[in-house]
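K.L.:
Sharing a structure below in structure tokens format, with a few things to ask.
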Amino acid sequence: MVLDTRPSHAGAGMHPAREAHFCRKGQATLAAGPVPREARCGLFAEPPVSPELPAHNRPTLPGMVSQRSCPYYGARWALAPIPDLIHLVHGPVGCAFYGQTVRSQEYQLFSTDLAEKEVIFGTGEKLYRCLLEAFAVRPGARGALVYVTCTPGFLGEDLEATCRRAEKATGKRVVLVECPGFCGSSQAAGHDIAAEVLLTHFIGAGLFEGVRRTAADGVGHSGESAVNLVGEFNVRGDLDVIRSLLAQAGITVVCAFNADAPAGRMATAPLADLNLVHCRRTGLALAQGMQAKFDQPYLQVSFYGPGNVTASLREIGAALGREREVEAVIAAETPAGEKFWRQARRRLEGGRALLFFGGSRLGSMVGAFQELGLEVVVAGSQFGRRDDYTWAWEQVAPGTLLVDDANEGEIEFLLERYRPHLAVGGTKERYLCLKSGVPFLVFPQEGSPYAGYRGFTNLARDIIKALAAPVWRLIR
Ligand code: SF4
């Protein structure tokens with residue numbers, strides 16, 4: 001599409017090279033077909049995109065203040081919640097500081113704190129000593145993940161040999177996560193690297209002595225079905241809501257990758273009946289890998305918005321032969337919120353919303369806002385790939401603008417052009433929107449869960465609160 005490139009009132013014009021990253025949904029049909037496996041890795045360019053999708057997975061324009069993170073942070077995002085492993089960042093201490101807080105939660109992180117001396121004389125010895133020290137501090141850890149950042153990535157030492165030496169000395173598994181910041185154009189490459197690490201070294205590997213399928217692992221309970229959740233991050237209790245919905249239908253969650261999946265339990269994950277992919281960006285590659293390796297089927301689901309929740313529960317019920325149980329859950333859960341949802345819809349109907357997500361939630365969240373009667377005029381993502389944009393494309397109405405990796409000037413341009421009633425995004429977009437006089441909802445959310453039927457009530461309540469804040473009366 002050709003976008004109006006006239007400068008905004010702030011003088012922020014659009015760079016011609018950025019035009020391909022803006023795409024309006026028209027009436028044409030998306031080109032179908034699976035994404036080749038090599039195209040999912042950040043190290044390879046994706047095949048040419050359909051003209052109906054914005055250009056994506058390209059390096060950010062030099063000089064543009066992107067909202068993206070590096071592949072190392074993407075790997076941290078996916079692996080940080082594994083509690084029974086040591087997480088050691090091999091690099092300058094700044095990288096560790098950056099990766100300590102993930103989704104607003106702090107995790108214990110070790111660092112080799114590399115300095116000039118190691119850069120000149122080699123980093124291997126310090127890595128070895130740090131691994132021994134970390135295992136001495138946490139003797140109960142089952143193993144260690146060593147995140148390779150830019151500095152050792154450039155040096156090209158044989159860190160694999162150092163890890164094998166540490167394994168010999170400690171008797172514990174030590175795995176390299178090769179995720180230097182320069183190995184991809186955004187954190188999305190790190191998600192893929194993390195998926196490879198889990199698949200190669202932990203899922204079903206039986207690496208650790210004593211790991212056997214047990215009742216406590218949630219597999220094989222008599223009369224119960226078992227699933228893994230892939231790409232679920234448990235933001236503010238989302239996982240608890242999803243787990244409770246499934247439990248009511250007699251379905252146990254074995255592993256929730258990216259939220260609650262200790263290494264010990266991951267060994268039993270292939271025993272589950274089904275994988276449920278909640279976030280396609282972080283979960284689809286892993287689910288496809290598990291299907292290829294363990295012949296384990298997967299379903300793509302969304303637990304955001306009652307329509308999505310009900311449809312997903314029915315699909316899960318059909319896949320597991322639990323249709324009756326699932327219908328009972330839907331019948332028990334929906335009446336409590338319906339009255340409030342109708343009221344909220346009456347209040348929000350016709351409002352324009354501008355959504356910016358990392359990539360992962362674009363497709364799964366759009367439906368929830370539409371169910372509240374909001375018109376999604378812009379749906380943007382920082383690091384979405386073809387899967388993410390395709391899912392979003394399927395959800396949004398014709399005329400919606402899909403945007404990739406928008407910078408501050410472009411966001412300002414879009415706010416001015418669309419005058420949305422509500423903007424949704426991360427901390428990075430928050431203050432720009434608020435200063436532009438647009439009510440803002442932060443996502444990942446900072447209060448209560450948004451998943452499931454109860455979560456939808458929280459989402460509606462938070463939107464109404466954001467719109468009704470007394471401050472807006474002062475500027476209208
Ligand atoms: S870009 Fe490189 S140096 Fe910066 S945080 Fe990422 S890994 Fe560390």
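Naming works like this for the structure tokens: A, B, ... for the chains as they're shown, residue 1 at the start of each chain, ligands 1 onward in shown order.
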Quick one: residues within 12 Å of ligand 1, with only C-alpha atoms and all ligand atoms, as a short mmCIF file (atom, residue, chain, number, x, y, z; two decimals) with N, CA and C atoms, in the first residue's frame?
P.N.:
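So selection34.cif came out as:
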```cif
data_model
loop_
_atom_site.label_atom_id
_atom_site.label_comp_id
_atom_site.auth_asym_id
_atom_site.auth_seq_id
_atom_site.Cartn_x
_atom_site.Cartn_y
_atom_site.Cartn_z
N ARG A 68 12.67 -3.17 19.60
CA ARG A 68 13.02 -4.59 19.68
C ARG A 68 14.09 -4.87 20.72
N SER A 69 14.27 -6.17 21.05
CA SER A 69 15.37 -6.61 21.90
C SER A 69 16.27 -7.52 21.07
N CYS A 70 17.36 -8.01 21.69
CA CYS A 70 18.29 -8.85 20.94
C CYS A 70 17.94 -10.33 21.12
N PRO A 71 18.50 -11.22 20.29
CA PRO A 71 18.22 -12.66 20.40
C PRO A 71 18.53 -13.23 21.79
N TYR A 72 19.59 -12.71 22.43
CA TYR A 72 19.91 -13.20 23.78
C TYR A 72 18.71 -12.96 24.71
N TYR A 73 18.11 -11.77 24.63
CA TYR A 73 16.96 -11.50 25.50
C TYR A 73 15.77 -12.39 25.12
N GLY A 74 15.64 -12.67 23.81
CA GLY A 74 14.57 -13.57 23.37
C GLY A 74 14.74 -14.96 23.98
N ALA A 75 15.99 -15.43 24.05
CA ALA A 75 16.25 -16.74 24.66
C ALA A 75 15.96 -16.70 26.16
N ARG A 76 16.34 -15.59 26.81
CA ARG A 76 16.06 -15.43 28.25
C ARG A 76 14.55 -15.45 28.49
N VAL A 89 25.12 -16.23 32.41
CA VAL A 89 25.30 -15.38 31.22
C VAL A 89 26.79 -15.20 30.98
N HIS A 90 27.27 -15.70 29.86
CA HIS A 90 28.68 -15.60 29.53
C HIS A 90 28.87 -14.33 28.71
N GLY A 91 29.29 -13.26 29.39
CA GLY A 91 29.45 -11.98 28.71
C GLY A 91 29.70 -10.88 29.72
N PRO A 92 29.76 -9.64 29.25
CA PRO A 92 29.91 -8.52 30.19
C PRO A 92 28.71 -8.46 31.13
N VAL A 93 28.90 -7.88 32.29
CA VAL A 93 27.84 -7.93 33.30
C VAL A 93 26.59 -7.20 32.85
N GLY A 94 26.75 -6.26 31.92
CA GLY A 94 25.58 -5.53 31.43
C GLY A 94 24.55 -6.44 30.80
N CYS A 95 24.99 -7.48 30.09
CA CYS A 95 24.05 -8.42 29.47
C CYS A 95 23.23 -9.13 30.55
N ALA A 96 23.91 -9.51 31.64
CA ALA A 96 23.21 -10.21 32.72
C ALA A 96 22.20 -9.28 33.38
N PHE A 97 22.59 -8.03 33.57
CA PHE A 97 21.66 -7.07 34.18
C PHE A 97 20.41 -6.95 33.32
N TYR A 98 20.64 -6.89 32.00
CA TYR A 98 19.54 -6.78 31.05
C TYR A 98 18.61 -7.99 31.11
N GLY A 99 19.20 -9.17 31.32
CA GLY A 99 18.39 -10.40 31.26
C GLY A 99 17.87 -10.89 32.60
N GLN A 100 18.11 -10.09 33.65
CA GLN A 100 17.69 -10.56 34.98
C GLN A 100 16.18 -10.45 35.17
N SER A 111 26.71 -14.50 36.25
CA SER A 111 27.39 -13.88 35.11
C SER A 111 28.88 -14.13 35.20
N ASP A 113 30.88 -12.01 33.93
CA ASP A 113 31.38 -10.64 34.07
C ASP A 113 32.69 -10.45 33.29
N LEU A 114 32.64 -10.68 32.00
CA LEU A 114 33.86 -10.60 31.18
C LEU A 114 34.37 -9.16 31.10
N TYR A 147 24.42 -18.88 28.51
CA TYR A 147 24.00 -17.98 27.42
C TYR A 147 25.24 -17.32 26.82
N VAL A 148 25.47 -17.56 25.53
CA VAL A 148 26.62 -16.96 24.85
C VAL A 148 26.18 -15.61 24.26
N THR A 149 26.78 -14.52 24.75
CA THR A 149 26.39 -13.18 24.29
C THR A 149 27.37 -12.69 23.21
N CYS A 150 27.27 -11.41 22.85
CA CYS A 150 28.04 -10.89 21.70
C CYS A 150 29.55 -11.07 21.88
N THR A 151 30.07 -10.71 23.07
CA THR A 151 31.53 -10.69 23.24
C THR A 151 32.16 -12.07 22.99
N PRO A 152 31.75 -13.13 23.71
CA PRO A 152 32.35 -14.44 23.39
C PRO A 152 31.93 -14.93 22.02
N GLY A 153 30.76 -14.48 21.54
CA GLY A 153 30.31 -14.88 20.20
C GLY A 153 31.29 -14.41 19.14
N PHE A 154 31.83 -13.21 19.31
CA PHE A 154 32.80 -12.68 18.35
C PHE A 154 34.13 -13.41 18.45
N VAL A 177 23.69 -22.06 25.18
CA VAL A 177 22.61 -21.41 24.43
C VAL A 177 23.30 -20.36 23.56
N GLU A 178 23.47 -20.69 22.29
CA GLU A 178 24.24 -19.81 21.38
C GLU A 178 23.34 -18.70 20.87
N CYS A 179 23.29 -17.59 21.60
CA CYS A 179 22.33 -16.53 21.27
C CYS A 179 22.98 -15.15 21.28
N PRO A 180 24.17 -14.97 20.69
CA PRO A 180 24.74 -13.62 20.71
C PRO A 180 23.81 -12.63 20.02
N GLY A 181 23.85 -11.39 20.48
CA GLY A 181 22.90 -10.39 20.00
C GLY A 181 22.92 -10.17 18.50
N PHE A 182 24.02 -10.49 17.85
CA PHE A 182 24.13 -10.21 16.41
C PHE A 182 23.60 -11.34 15.53
N CYS A 183 23.08 -12.41 16.15
CA CYS A 183 22.72 -13.58 15.32
C CYS A 183 21.30 -13.49 14.75
N GLY A 184 20.62 -12.39 14.95
CA GLY A 184 19.29 -12.24 14.36
C GLY A 184 18.84 -10.81 14.48
N SER A 185 17.73 -10.49 13.83
CA SER A 185 17.32 -9.09 13.79
C SER A 185 16.44 -8.69 14.97
N SER A 186 16.03 -9.65 15.79
CA SER A 186 15.19 -9.31 16.96
C SER A 186 15.20 -10.47 17.93
N GLN A 187 14.45 -10.32 19.02
CA GLN A 187 14.35 -11.38 20.02
C GLN A 187 13.72 -12.65 19.45
N ALA A 189 14.58 -14.45 17.02
CA ALA A 189 15.61 -15.46 16.75
C ALA A 189 15.95 -16.21 18.04
N GLY A 190 15.96 -15.49 19.16
CA GLY A 190 16.26 -16.11 20.46
C GLY A 190 15.19 -17.12 20.87
#
```
K.L.:
Pick out the residues sitting within 9 Å of Gly337 of chain A, and hand them over as a ChimeraX atom specification; count only C-alpha atoms, and ignore anything fewer than 6 positions along from it in its own chain.
P.N.:
/A:453-454,456-457
K.L.:
Give me, as a tab-separated table, the closest atom pair and its distance (Å, one decimal) for every residue of segment 286-389 of chain A within a cut-off of 9 Å of segment 462-471 of chain A, counting only C-alpha atoms, rows sorted by chain and rising number.
P.N.:
```
residue	atom	partner	partner_atom	distance
A:Ala344	CA	A:Ile464	CA	7.6
A:Arg347	CA	A:Ile464	CA	8.1
A:Leu348	CA	A:Ile464	CA	7.8
```
K.L.:
Would you write out those residues with N, CA and C atoms, as a compact mmCIF listing (two decimals), in the first residue's frame?
P.N.:
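Output below, filename part-v6.txt:
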```txt
# COMPACT_ATOMS: atom_id res chain seq x y z
N ALA A 344 -20.25 -3.95 29.24
CA ALA A 344 -18.98 -3.40 28.77
C ALA A 344 -19.03 -3.16 27.27
N ARG A 347 -20.77 -0.08 26.38
CA ARG A 347 -19.97 1.13 26.66
C ARG A 347 -18.86 1.34 25.66
N LEU A 348 -18.32 0.25 25.15
CA LEU A 348 -17.11 0.37 24.32
C LEU A 348 -17.38 0.31 22.82
```
K.L.:
List as a list in words the protein and nucleic acid residues near segment 399-403 of chain A, meaning an atom at most 6 Å away when only C-alpha atoms are counted, but skip any in the same chain fewer than 6 places from it.
P.N.:
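Non-adjacent residues within range: His21, Phe22, Cys23, Arg24, Lys25, Val377, Val378, Ala379 and Gly380 of chain A.
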K.L.:
Taking the backbone alone, and naming residues the way the document does, which bits of segment 290-359 of chain A are alpha helix (DSSP H) by DSSP, as a ChimeraX atom specification?
P.N.:
/A:290-294,306-320,323-333,335-348
K.L.:
Given the selection you just returned, output its residues as a file containing N, CA and C atoms, formatted as a tab-separated table (two decimals), in the first residue's frame.
P.N.:
```
chain	number	residue	atom	x	y	z
A	290	MET	N	8.26	-31.09	18.39
A	290	MET	CA	7.82	-32.22	19.23
A	290	MET	C	6.97	-33.19	18.41
A	291	GLN	N	6.23	-32.64	17.47
A	291	GLN	CA	5.44	-33.53	16.60
A	291	GLN	C	6.38	-34.38	15.75
A	292	ALA	N	7.41	-33.74	15.20
A	292	ALA	CA	8.34	-34.47	14.34
A	292	ALA	C	9.13	-35.51	15.15
A	293	LYS	N	9.53	-35.14	16.37
A	293	LYS	CA	10.41	-36.02	17.15
A	293	LYS	C	9.65	-37.11	17.91
A	294	PHE	N	8.48	-36.73	18.46
A	294	PHE	CA	7.77	-37.69	19.33
A	294	PHE	C	6.41	-38.09	18.79
A	306	PRO	N	-13.99	-14.61	25.28
A	306	PRO	CA	-14.86	-15.77	25.45
A	306	PRO	C	-15.05	-16.58	24.17
A	307	GLY	N	-15.12	-15.90	23.02
A	307	GLY	CA	-15.30	-16.62	21.75
A	307	GLY	C	-14.14	-17.56	21.49
A	308	ASN	N	-12.93	-17.02	21.67
A	308	ASN	CA	-11.72	-17.83	21.47
A	308	ASN	C	-11.64	-18.95	22.50
A	309	VAL	N	-11.97	-18.64	23.77
A	309	VAL	CA	-11.86	-19.64	24.84
A	309	VAL	C	-12.81	-20.80	24.55
A	310	THR	N	-14.06	-20.45	24.22
A	310	THR	CA	-15.05	-21.50	23.97
A	310	THR	C	-14.64	-22.35	22.77
A	311	ALA	N	-14.23	-21.68	21.69
A	311	ALA	CA	-13.84	-22.43	20.48
A	311	ALA	C	-12.65	-23.33	20.78
A	312	SER	N	-11.68	-22.80	21.54
A	312	SER	CA	-10.48	-23.59	21.84
A	312	SER	C	-10.82	-24.78	22.74
A	313	LEU	N	-11.65	-24.53	23.75
A	313	LEU	CA	-12.03	-25.64	24.65
A	313	LEU	C	-12.73	-26.75	23.85
A	314	ARG	N	-13.60	-26.35	22.93
A	314	ARG	CA	-14.31	-27.36	22.13
A	314	ARG	C	-13.35	-28.16	21.27
A	315	GLU	N	-12.37	-27.46	20.69
A	315	GLU	CA	-11.38	-28.17	19.86
A	315	GLU	C	-10.57	-29.15	20.70
A	316	ILE	N	-10.21	-28.69	21.91
A	316	ILE	CA	-9.43	-29.56	22.80
A	316	ILE	C	-10.27	-30.76	23.21
A	317	GLY	N	-11.53	-30.47	23.56
A	317	GLY	CA	-12.44	-31.56	23.96
A	317	GLY	C	-12.59	-32.59	22.85
A	318	ALA	N	-12.73	-32.10	21.60
A	318	ALA	CA	-12.89	-33.02	20.47
A	318	ALA	C	-11.62	-33.84	20.26
A	319	ALA	N	-10.47	-33.20	20.43
A	319	ALA	CA	-9.21	-33.91	20.20
A	319	ALA	C	-8.95	-34.98	21.26
A	320	LEU	N	-9.47	-34.74	22.48
A	320	LEU	CA	-9.19	-35.67	23.58
A	320	LEU	C	-10.40	-36.56	23.92
A	323	GLU	N	-15.72	-34.10	24.97
A	323	GLU	CA	-16.69	-33.09	24.56
A	323	GLU	C	-17.68	-32.78	25.67
A	324	ARG	N	-18.17	-33.82	26.34
A	324	ARG	CA	-19.21	-33.58	27.37
A	324	ARG	C	-18.65	-32.77	28.53
A	325	GLU	N	-17.44	-33.12	28.98
A	325	GLU	CA	-16.81	-32.41	30.10
A	325	GLU	C	-16.58	-30.95	29.75
A	326	VAL	N	-16.13	-30.73	28.52
A	326	VAL	CA	-15.83	-29.37	28.08
A	326	VAL	C	-17.11	-28.53	28.03
A	327	GLU	N	-18.19	-29.11	27.51
A	327	GLU	CA	-19.46	-28.37	27.45
A	327	GLU	C	-19.93	-28.02	28.86
A	328	ALA	N	-19.70	-28.92	29.80
A	328	ALA	CA	-20.10	-28.65	31.20
A	328	ALA	C	-19.30	-27.47	31.75
A	329	VAL	N	-18.01	-27.39	31.40
A	329	VAL	CA	-17.17	-26.28	31.87
A	329	VAL	C	-17.67	-24.96	31.28
A	330	ILE	N	-17.96	-24.97	29.98
A	330	ILE	CA	-18.43	-23.74	29.31
A	330	ILE	C	-19.74	-23.30	29.95
A	331	ALA	N	-20.63	-24.25	30.18
A	331	ALA	CA	-21.94	-23.91	30.77
A	331	ALA	C	-21.78	-23.38	32.19
A	332	ALA	N	-20.79	-23.88	32.91
A	332	ALA	CA	-20.61	-23.44	34.30
A	332	ALA	C	-19.90	-22.09	34.40
A	333	GLU	N	-19.02	-21.81	33.44
A	333	GLU	CA	-18.15	-20.63	33.56
A	333	GLU	C	-18.72	-19.36	32.93
A	335	PRO	N	-21.95	-18.02	32.40
A	335	PRO	CA	-23.03	-17.15	32.90
A	335	PRO	C	-22.54	-16.06	33.85
A	336	ALA	N	-21.51	-16.36	34.65
A	336	ALA	CA	-21.06	-15.40	35.66
A	336	ALA	C	-20.63	-14.07	35.04
A	337	GLY	N	-20.06	-14.12	33.82
A	337	GLY	CA	-19.53	-12.89	33.25
A	337	GLY	C	-20.42	-12.24	32.20
A	338	GLU	N	-21.40	-12.99	31.69
A	338	GLU	CA	-22.12	-12.52	30.50
A	338	GLU	C	-22.77	-11.15	30.65
A	339	LYS	N	-23.37	-10.93	31.84
A	339	LYS	CA	-24.08	-9.66	32.04
A	339	LYS	C	-23.09	-8.50	31.97
A	340	PHE	N	-21.95	-8.66	32.63
A	340	PHE	CA	-20.95	-7.59	32.64
A	340	PHE	C	-20.36	-7.38	31.24
A	341	TRP	N	-20.15	-8.48	30.52
A	341	TRP	CA	-19.59	-8.36	29.17
A	341	TRP	C	-20.54	-7.56	28.27
A	342	ARG	N	-21.86	-7.81	28.42
A	342	ARG	CA	-22.84	-7.07	27.60
A	342	ARG	C	-22.79	-5.58	27.93
A	343	GLN	N	-22.71	-5.29	29.25
A	343	GLN	CA	-22.64	-3.88	29.67
A	343	GLN	C	-21.38	-3.22	29.12
A	344	ALA	N	-20.25	-3.95	29.24
A	344	ALA	CA	-18.98	-3.40	28.77
A	344	ALA	C	-19.03	-3.16	27.27
A	345	ARG	N	-19.62	-4.09	26.57
A	345	ARG	CA	-19.70	-3.95	25.11
A	345	ARG	C	-20.53	-2.72	24.73
A	346	ARG	N	-21.64	-2.51	25.46
A	346	ARG	CA	-22.48	-1.33	25.17
A	346	ARG	C	-21.68	-0.05	25.35
A	347	ARG	N	-20.77	-0.08	26.38
A	347	ARG	CA	-19.97	1.13	26.66
A	347	ARG	C	-18.86	1.34	25.66
A	348	LEU	N	-18.32	0.25	25.15
A	348	LEU	CA	-17.11	0.37	24.32
A	348	LEU	C	-17.38	0.31	22.82
```
